[in-house]
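Following: one structure in structure tokens, then a few remarks.
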Amino acid sequence: MARAIEQKPSPILEAMRRLRADAASYRGIWSWITTVDHKRIGIMYGVTALAFFVLGGIEALLLRLQLSTPNGEVLNPDQYNRIFTMHGTTMIFLVVMPLSAAFFNLLTPLMIGARDVAFPRLNAFSYWVFLAGGIFMNASFFTGGNILRGELGAPDAGWFGYAPLTLSRFSPGEGVDFWALGLLILGVSSMAAGFNFIVTILNMRAPGMTLFRMPLFVWMTLVTSFLIIFAMPVITVALFELLFDRLFDANFFNVEKGGTPLLWQHMFWLFGHPEVYILILPAMGIVSEVLPTFSRKPLFGYPFVVFSGMAIAFMSWGVWAHHMYTTGLGAIANSAFGVSTILIAIPTGVKIFNWLATLWGGSINLKTPLYFAVGFIAMFTIGGLTGVTHSIVPSDYQQQDTYYIVSHLHQVLFGGAIFGLFAGIYYWYPKFTGKMLYEGLGQLQFWLMFIGFNVTFQPMMILGLIGMPRRIYSYPEGQGFDTWNLVATVGAFMIAFSVLIFIINVIATARRKERAEADPWDGRTLEWSLPSPVPPYNFAEIPTVHALDDFWHQKYAEDERGRPVPVVAGGSREAEEEAHAEGHGIHMPSPSFFPLISAMGLPIIATGLIYDPAIVAVGAAVLVVGIYGWALEPATE
Amino acid sequence: MQHSPALETNTGLDNRKLLMWLFLASECLFFGSLIAAYLLYRDKSVTGPYPEDLFDIPFTSVSAFILLMSSVTMVLALAAIQRGDQHGLRIWLFTTAFLGILFVSGQAFEFTEFNREGLSLSTNLFGTTFFVLTGFHGAHVTVGVLILLSLFVMAQRGRLTQAESLHVELAGLYWHFVDIVWIVIFTLVYLIQP
């Protein structure tokens with residue numbers, strides 16, 4: 001097909017060919033738009049997710065300002081509902097998941113010794129669909145009237161959107177439609193990425209890279225991807241059911257016709273609990289890479305950590321109803337889910353002890369990534385323990401829907417996932433940008449974030465225990481809530497300030513002259529054997545792997561007491577890379593427009609479903625053009 | 001990468017084939033959730049019409065039989081391209097797509113018939129769960145038909161050679177999966193009446 005077209009001379013096709021030539025040589029904006037390089041896609045994922053992090057953070061600050069004093073008047077109840085819904089949705093689906101996906105993209109091929117992922121164009125498609133879904137979701141803000149007068153149109157039913165609150169009768173307007181369709185679009189992105197990474201990890205490992213020689217981060221990528229491809233279909237069905245109810249008067253959650261709103265809760269949490277581990281396992285993988293490097297010791301009990309990750313993933317399918325103790329499932333169901341929830345703490349505890357044992361007796365190199373990784377362990381342990389407290393059914397009855405839950409979920413998602421992700425950002429930043437982030441600013445950011453985090457979220461635990469409900473826009477004075485709420489708000493601004501320090505660090509680093517070395521941290525995994533930044537083709541020659549932490553063993557032998565002894569001229573592949581003269585003869589996949597075109601079809605279809613069937617047809621046409629162009633274009637020229 | 005079949009993979013399975021298996025695995029959860037919702041709401045409708053008022057088992061059996069036969073012709077299409085029989089490939093691809101179209105037409109007829117007898121998406125729980133479950137299955141069959149017709153057009157133009165039999169194999173995996181799902185739906189929804 002493509003060959004037949006190329007024979008006809010046409011100015012458009014000529015222009016397209018020029019753009020493709022530019023893109024192939026990594027020049028200009030079009031080379032980013034059409035890129036299929038996993039490293040560039042990873043960077044785009046990371047930058048976009050951090051932009052949404054700032055947006056979600058501003059939403060959080062508005063909420064905290066409103067709650068800083070009794071009878072606050074910063075937001076009205078309607079605005080408050082919309083903003084807390086968007087804060088939760090943004091942070092989970094537009095920040096932590098895509099930031100994890102950024103690391104999957106950047107690291108997986110490098111760590112297993114591959115030149116790219118299995119399906120480079122599908123990978124670009126995942127990114128563009130994520131971006132489209134994020135923009136679509138946030139576009140809902142503009143549907144409520146005049147946004148400048150504070151008339152917001154965003155969804156207002158909370159991030160887990162319980163029926164019947166989400167039905168048209170209780171949530172009129174388009175907000176919830178945008179929410180459901182936006183999550184469907186984001187689901188497409190996650191699923192495509194999930195398939196891609198499983199195939200990449202199972203099929204594209206370098207010679208000698210057996211499964212049990214893979215870095216732990218790759219293991220966690222694999223486990224998370226399996227969770228994604230099995231959990232996403234469940235929420236997809238739930239969201240379709242909700243949309244059928246809202247748009248076409250179906251009865252899935254309509255009590256008058258015999259439907260039960262509990263169906264939503266079961267389906268949402270059957271997805272939602274694996275989702276919790278989709279959010280935390282990648283951060284656990286990052287921490288499992290950072291700790292060995294900065295303790296100069298192998299990860300303690302590598303197979304235990306791998307199997308614990310798998311055990312957590314399996315068990316995450318059997319704990320969902322602990323979100324539903326107060327719905328009246330009965331004593332037997334509650335007890336069973338209570339026991340399964342206590343059990344899942346065991347593999348999690350195994351991991352924590354293995355991380356501590358990795359640090360124990362190591363020669364510690366105390367740098368920013370390690371600060372964040374150790375911060376992760378401490379905060380996640382508190383988060384995990386508060387989780388155990390509400391696996392106990394009677395105790396949970398007391399905590400349900402209070403700030404205690406808000407505190408717990410931020411302990412694991414912020415104290416856990418975000419700290420782990422920042423450890424990863426500081427650790428791998430030089431590998432992909434060629435420059436080291438400033439160490440002093442990094443440590444300043446850590447301490448501000450760490451203290452700010454605790455000042456924000458530990459008071460919420462007290463607030464919850466003395467009875468402050470979550471999701472209230474205001475509270476009267478004299479309830480004992482005043483002081484702790486003010487403290488939490490101060491903490492939130494400390495966190496915001498720490499993020500500002502990070503942004504300053506990134507800008508200052510960009511102006512930095514000196515280049516990062518290939519292996520600045522004395523790393524253990526294959527990516528550190530490559531130049532910084534990594535060349536487009538990754539490996540000039542595909543490496544052969546002989547052991548776990550292969551790169552380390554190329555650099556160090558052991559003396560009779562097991563202490564590392566440097567090997568002369570061991571390790572660096574840089575000379576080899578340079579000898580390979582710009583990677584001639586390596587065929588890389590060609591850049592392509594079609595992932596972007598296909599991705600654009602989805603938000604158009606979604607908009608049409610809300611407003612006008614004719615727009616659906618337009619979106620479908622765009623999608624079909626994208627898919628057929630994709631299928632018929634050759635993957636490499 | 002797509003055009004270097006010589007590239008060895010760790011599992012020995014082509015990347016695209018592994019992708020298709022994973023996709024079908026996740027589809028199991030998709031249809032599983034829809035079927036679970038149907039079974040949860042079975043016999044919970046507060047107003048009629050009810051399944052026993054509407055189901056025409058002989059008619060649906062015939063259309064189920066047609067879909068099953070299309071799996072046979074799908075196998076014949078794959079066998080044809082694998083031994084380089086382009087003529088056979090075109091015949092069996094077209095037959096498979098045609099049988100798929102017949103099945104979808106039967107479903108469209110069934111839907112209009114039920115609608116005429118007073119069942120819509122919003123009538124009761126049966127209408128809601130039945131139309132959504134079988135509708136999503138019908139959509140899957142329709143996508144399959146489009147894939148088969150695309151392959152047929154490629155075969156007509158001589159762009160589907162013996163070396164590219166994997167394309168037909170992948171379409172076949174999808175097609176057989178959609179058939180198997182129908183066996184489950186047909187059994188649980190139509191045949192086993194409480």
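Each chain in the structure tokens gets a letter, A, B, ..., in the order shown, and its residues are numbered from 1; ligands are numbered from 1 in order too.
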Give me, as CSV, each residue of chain B that comes within 7 Å of chain A, together with its shortest interatomic pair and the distance in Å at one decimal, counting only C-alpha atoms, with rows ordered by chain and rising residue number.
```
residue,atom,partner,partner_atom,distance
B:Met1,CA,A:Ala635,CA,6.6
B:Gln2,CA,A:Ala635,CA,6.0
B:Thr9,CA,A:Asn203,CA,4.8
B:Asn10,CA,A:Asn203,CA,4.6
B:Thr11,CA,A:Asn203,CA,5.7
B:Asn15,CA,A:Val199,CA,6.2
B:Leu18,CA,A:Val199,CA,6.5
B:Leu19,CA,A:Phe195,CA,6.1
B:Leu22,CA,A:Phe195,CA,6.6
B:Ser26,CA,A:Phe230,CA,5.2
B:Leu29,CA,A:Pro233,CA,5.9
B:Phe30,CA,A:Pro233,CA,4.7
B:Ser33,CA,A:Val234,CA,6.0
B:Leu34,CA,A:Val237,CA,6.6
B:Lys44,CA,A:Gly258,CA,6.2
B:Ser45,CA,A:Gly258,CA,6.2
B:Val46,CA,A:Lys257,CA,6.1
B:Leu121,CA,A:Ala250,CA,5.4
B:Ser122,CA,A:Ala250,CA,4.5
B:Asn124,CA,A:Lys257,CA,6.0
B:Leu125,CA,A:Asn251,CA,5.9
B:Thr128,CA,A:Ala250,CA,5.4
```
Take the residues that were just selected and, keeping C-alpha atoms, output them as a CSV table (one decimal), in the first residue's frame.
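Done, and the output landed in again.csv:
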```csv
chain,number,residue,atom,x,y,z
B,1,MET,CA,10.8,-5.2,13.8
B,2,GLN,CA,7.5,-6.3,12.4
B,9,THR,CA,12.2,-14.3,20.9
B,10,ASN,CA,12.8,-15.7,24.4
B,11,THR,CA,9.6,-17.6,24.5
B,15,ASN,CA,5.6,-10.9,19.7
B,18,LEU,CA,1.9,-13.2,22.5
B,19,LEU,CA,0.1,-9.8,22.4
B,22,LEU,CA,-2.7,-11.5,26.4
B,26,SER,CA,-7.9,-9.6,29.4
B,29,LEU,CA,-12.3,-10.4,32.4
B,30,PHE,CA,-14.3,-8.0,30.2
B,33,SER,CA,-17.7,-8.9,34.3
B,34,LEU,CA,-20.6,-8.5,31.8
B,44,LYS,CA,-34.6,-9.7,39.5
B,45,SER,CA,-36.7,-7.8,36.9
B,46,VAL,CA,-39.7,-6.2,38.6
B,121,LEU,CA,-32.7,-1.0,27.3
B,122,SER,CA,-34.6,0.8,29.9
B,124,ASN,CA,-36.3,-3.7,33.1
B,125,LEU,CA,-33.1,-5.3,34.4
B,128,THR,CA,-30.5,-3.7,30.4
```
Excluding A:Leu356 and its own-chain neighbours fewer than 6 positions away, which residues fall within 10 Å of it when counting only C-alpha atoms? Please give them as a ChimeraX atom specification.
/A:291,299-300,374,377
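Nearest-residue note for B:Thr134: choosing from B:Met20, B:Leu188, B:Val153, B:Ala25, the minimum distance belongs to B:Leu188, counting only C-alpha atoms.
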Using only C-alpha atoms, which residues sit within 9 Å of A:Ile425 once same-chain residues fewer than 5 positions away are excluded, as a PyMOL selection string?
chain A and resi 103+369+420
Quick one, how far is atom CA of B:Ile81 from atom CA of B:Ala64?
26.5 Å
Can you list, as a PDB file with N, CA and C atoms, in the first residue's frame, all residues belonging to stretch 372-606 of chain A that DSSP tags as strand (DSSP E)?
```
ATOM      1  N   TYR A 556      33.549  -5.388  39.428  1.00  0.00           N
ATOM      2  CA  TYR A 556      34.139  -5.794  40.703  1.00  0.00           C
ATOM      3  C   TYR A 556      34.235  -7.311  40.797  1.00  0.00           C
ATOM      4  N   ALA A 557      35.380  -7.765  41.307  1.00  0.00           N
ATOM      5  CA  ALA A 557      35.488  -9.163  41.744  1.00  0.00           C
ATOM      6  C   ALA A 557      35.327  -9.146  43.264  1.00  0.00           C
ATOM      7  N   GLU A 558      35.397 -10.319  43.890  1.00  0.00           N
ATOM      8  CA  GLU A 558      35.266 -10.362  45.349  1.00  0.00           C
ATOM      9  C   GLU A 558      36.544 -10.911  45.950  1.00  0.00           C
ATOM     10  N   PRO A 564      33.934  -6.223  47.682  1.00  0.00           N
ATOM     11  CA  PRO A 564      34.164  -5.943  46.267  1.00  0.00           C
ATOM     12  C   PRO A 564      35.580  -5.415  46.013  1.00  0.00           C
ATOM     13  N   VAL A 565      36.230  -5.925  44.965  1.00  0.00           N
ATOM     14  CA  VAL A 565      37.544  -5.459  44.547  1.00  0.00           C
ATOM     15  C   VAL A 565      37.438  -5.036  43.089  1.00  0.00           C
ATOM     16  N   PRO A 566      37.800  -3.791  42.758  1.00  0.00           N
ATOM     17  CA  PRO A 566      37.638  -3.334  41.375  1.00  0.00           C
ATOM     18  C   PRO A 566      38.444  -4.177  40.398  1.00  0.00           C
TER      19      PRO A 566
END
```
For A:Thr143, find every residue with an atom within 10 Å (counting only C-alpha atoms), except residues of its own chain fewer than 4 positions away, and show them as a PDB file with C-alpha atoms, in the first residue's frame.
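Final output, result_30.pdb:
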```pdb
ATOM      1  CA  ALA A 139     -11.795  19.944  29.841  1.00  0.00           C
ATOM      2  CA  ILE A 147     -15.284  29.395  34.623  1.00  0.00           C
ATOM      3  CA  GLU A 151     -18.818  28.053  37.670  1.00  0.00           C
ATOM      4  CA  LEU A 152     -17.012  24.753  37.376  1.00  0.00           C
ATOM      5  CA  GLY A 153     -18.299  21.773  35.411  1.00  0.00           C
ATOM      6  CA  ALA A 154     -15.963  19.042  36.615  1.00  0.00           C
ATOM      7  CA  GLY A 173     -24.592  18.125  33.919  1.00  0.00           C
ATOM      8  CA  GLU A 174     -21.769  16.577  31.961  1.00  0.00           C
ATOM      9  CA  GLY A 175     -19.143  16.280  34.704  1.00  0.00           C
ATOM     10  CA  PHE A 178     -16.485  13.370  31.247  1.00  0.00           C
TER      11      PHE A 178
END
```
A:Gln399 environment, 9 Å, only C-alpha atoms, sequence neighbours closer than 6 positions dropped, as number ranges by chain
A: 390, 405, 464-465, 467
Could you save those same residues with C-alpha atoms as a PDB file, in the first residue's frame?
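The resulting again-v5.pdb:
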```
ATOM      1  CA  HIS A 390      -8.660  -0.874  59.275  1.00  0.00           C
ATOM      2  CA  ILE A 405      -8.771   7.071  55.766  1.00  0.00           C
ATOM      3  CA  GLY A 464     -10.093  11.199  61.821  1.00  0.00           C
ATOM      4  CA  LEU A 465      -9.916   9.546  65.212  1.00  0.00           C
ATOM      5  CA  GLY A 467     -14.444  12.137  64.280  1.00  0.00           C
TER       6      GLY A 467
END
```
Pick out each residue of stretch 82-232 of chain A that DSSP on the backbone tags as alpha helix (DSSP H); I need them as a PyMOL selection string.
chain A and resi 82-89+97-112+120-139+175-203+216-232
Residue contacts of B:Pro49 (9 Å, only C-alpha atoms) excluding same-chain residues fewer than 5 positions away, as number ranges by chain:
B: 54, 117-119, 123-124, 126-127
Those selected residues, please, written with C-alpha atoms and delivered as a PDB file, in the first residue's frame.
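Okay, this is what ended up in out_27.pdb:
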```
ATOM      1  CA  LEU B  54     -39.200 -13.598  24.242  1.00  0.00           C
ATOM      2  CA  GLU B 117     -42.541  -7.014  21.816  1.00  0.00           C
ATOM      3  CA  GLY B 118     -41.810  -4.298  24.360  1.00  0.00           C
ATOM      4  CA  LEU B 119     -38.256  -4.880  25.587  1.00  0.00           C
ATOM      5  CA  THR B 123     -37.662  -1.539  30.325  1.00  0.00           C
ATOM      6  CA  ASN B 124     -36.272  -3.696  33.112  1.00  0.00           C
ATOM      7  CA  PHE B 126     -33.398  -8.100  31.834  1.00  0.00           C
ATOM      8  CA  GLY B 127     -33.486  -5.601  28.970  1.00  0.00           C
TER       9      GLY B 127
END
```
Spatial neighbours of stretch 511-528 of chain A, 10 Å, only C-alpha atoms, chain gap at least 4 places, as a PyMOL selection string:
chain A and resi 106-113+214-215+289-290+292-294+296-298+365+367+427-438+506-507+532-534+538-539+543+545+548-555+571-574
Write the residues you've just listed into a file as an mmCIF file, in the first residue's frame, and include C-alpha atoms for each of them.
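Saved file selection-v8.cif follows:
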```
data_model
loop_
_atom_site.group_PDB
_atom_site.id
_atom_site.type_symbol
_atom_site.label_atom_id
_atom_site.label_comp_id
_atom_site.auth_asym_id
_atom_site.auth_seq_id
_atom_site.Cartn_x
_atom_site.Cartn_y
_atom_site.Cartn_z
ATOM 1 C CA LEU A 106 12.743 4.607 30.130
ATOM 2 C CA LEU A 107 14.155 1.580 31.888
ATOM 3 C CA THR A 108 12.645 -1.707 30.805
ATOM 4 C CA PRO A 109 14.391 -2.054 27.408
ATOM 5 C CA LEU A 110 17.714 -0.829 28.838
ATOM 6 C CA MET A 111 17.573 -3.132 31.836
ATOM 7 C CA ILE A 112 16.861 -6.261 29.802
ATOM 8 C CA GLY A 113 19.311 -5.394 27.029
ATOM 9 C CA MET A 214 16.251 -9.417 35.721
ATOM 10 C CA PRO A 215 16.566 -6.305 37.854
ATOM 11 C CA GLU A 289 17.102 -0.622 42.614
ATOM 12 C CA VAL A 290 18.139 2.472 44.549
ATOM 13 C CA PRO A 292 21.466 -1.788 46.546
ATOM 14 C CA THR A 293 23.293 0.855 44.501
ATOM 15 C CA PHE A 294 23.622 3.282 47.388
ATOM 16 C CA ARG A 296 26.958 -1.045 47.485
ATOM 17 C CA LYS A 297 25.429 -4.415 48.310
ATOM 18 C CA PRO A 298 23.175 -6.761 46.350
ATOM 19 C CA ASN A 365 26.484 6.517 49.873
ATOM 20 C CA LYS A 367 22.734 10.925 48.249
ATOM 21 C CA TYR A 427 18.604 8.357 40.452
ATOM 22 C CA TRP A 428 18.034 8.094 36.701
ATOM 23 C CA TYR A 429 17.937 11.793 35.777
ATOM 24 C CA PRO A 430 21.600 11.838 34.595
ATOM 25 C CA LYS A 431 21.114 8.711 32.493
ATOM 26 C CA PHE A 432 18.503 10.328 30.254
ATOM 27 C CA THR A 433 19.405 14.016 30.311
ATOM 28 C CA GLY A 434 23.180 13.746 30.613
ATOM 29 C CA LYS A 435 23.213 16.088 33.623
ATOM 30 C CA MET A 436 23.175 15.532 37.378
ATOM 31 C CA LEU A 437 20.504 17.281 39.443
ATOM 32 C CA TYR A 438 22.060 19.468 42.148
ATOM 33 C CA VAL A 506 15.521 21.073 37.088
ATOM 34 C CA ILE A 507 15.882 24.562 35.580
ATOM 35 C CA SER A 532 24.561 9.363 29.297
ATOM 36 C CA PRO A 533 22.303 10.279 27.586
ATOM 37 C CA VAL A 534 21.654 6.903 26.014
ATOM 38 C CA ASN A 538 20.605 1.839 23.147
ATOM 39 C CA PHE A 539 23.083 -0.985 22.689
ATOM 40 C CA PRO A 543 25.110 -7.625 25.592
ATOM 41 C CA VAL A 545 24.390 -11.455 30.521
ATOM 42 C CA LEU A 548 22.203 -10.958 38.366
ATOM 43 C CA ASP A 549 23.695 -7.430 38.623
ATOM 44 C CA ASP A 550 25.872 -8.308 35.629
ATOM 45 C CA PHE A 551 27.315 -4.825 35.204
ATOM 46 C CA TRP A 552 28.512 -4.809 38.815
ATOM 47 C CA HIS A 553 30.298 -8.126 38.313
ATOM 48 C CA GLN A 554 32.056 -6.716 35.277
ATOM 49 C CA LYS A 555 33.403 -3.936 37.480
ATOM 50 C CA GLY A 571 32.712 -2.444 32.921
ATOM 51 C CA SER A 572 32.451 0.494 30.615
ATOM 52 C CA ARG A 573 31.064 -0.202 27.213
ATOM 53 C CA GLU A 574 31.564 3.392 26.195
#
```
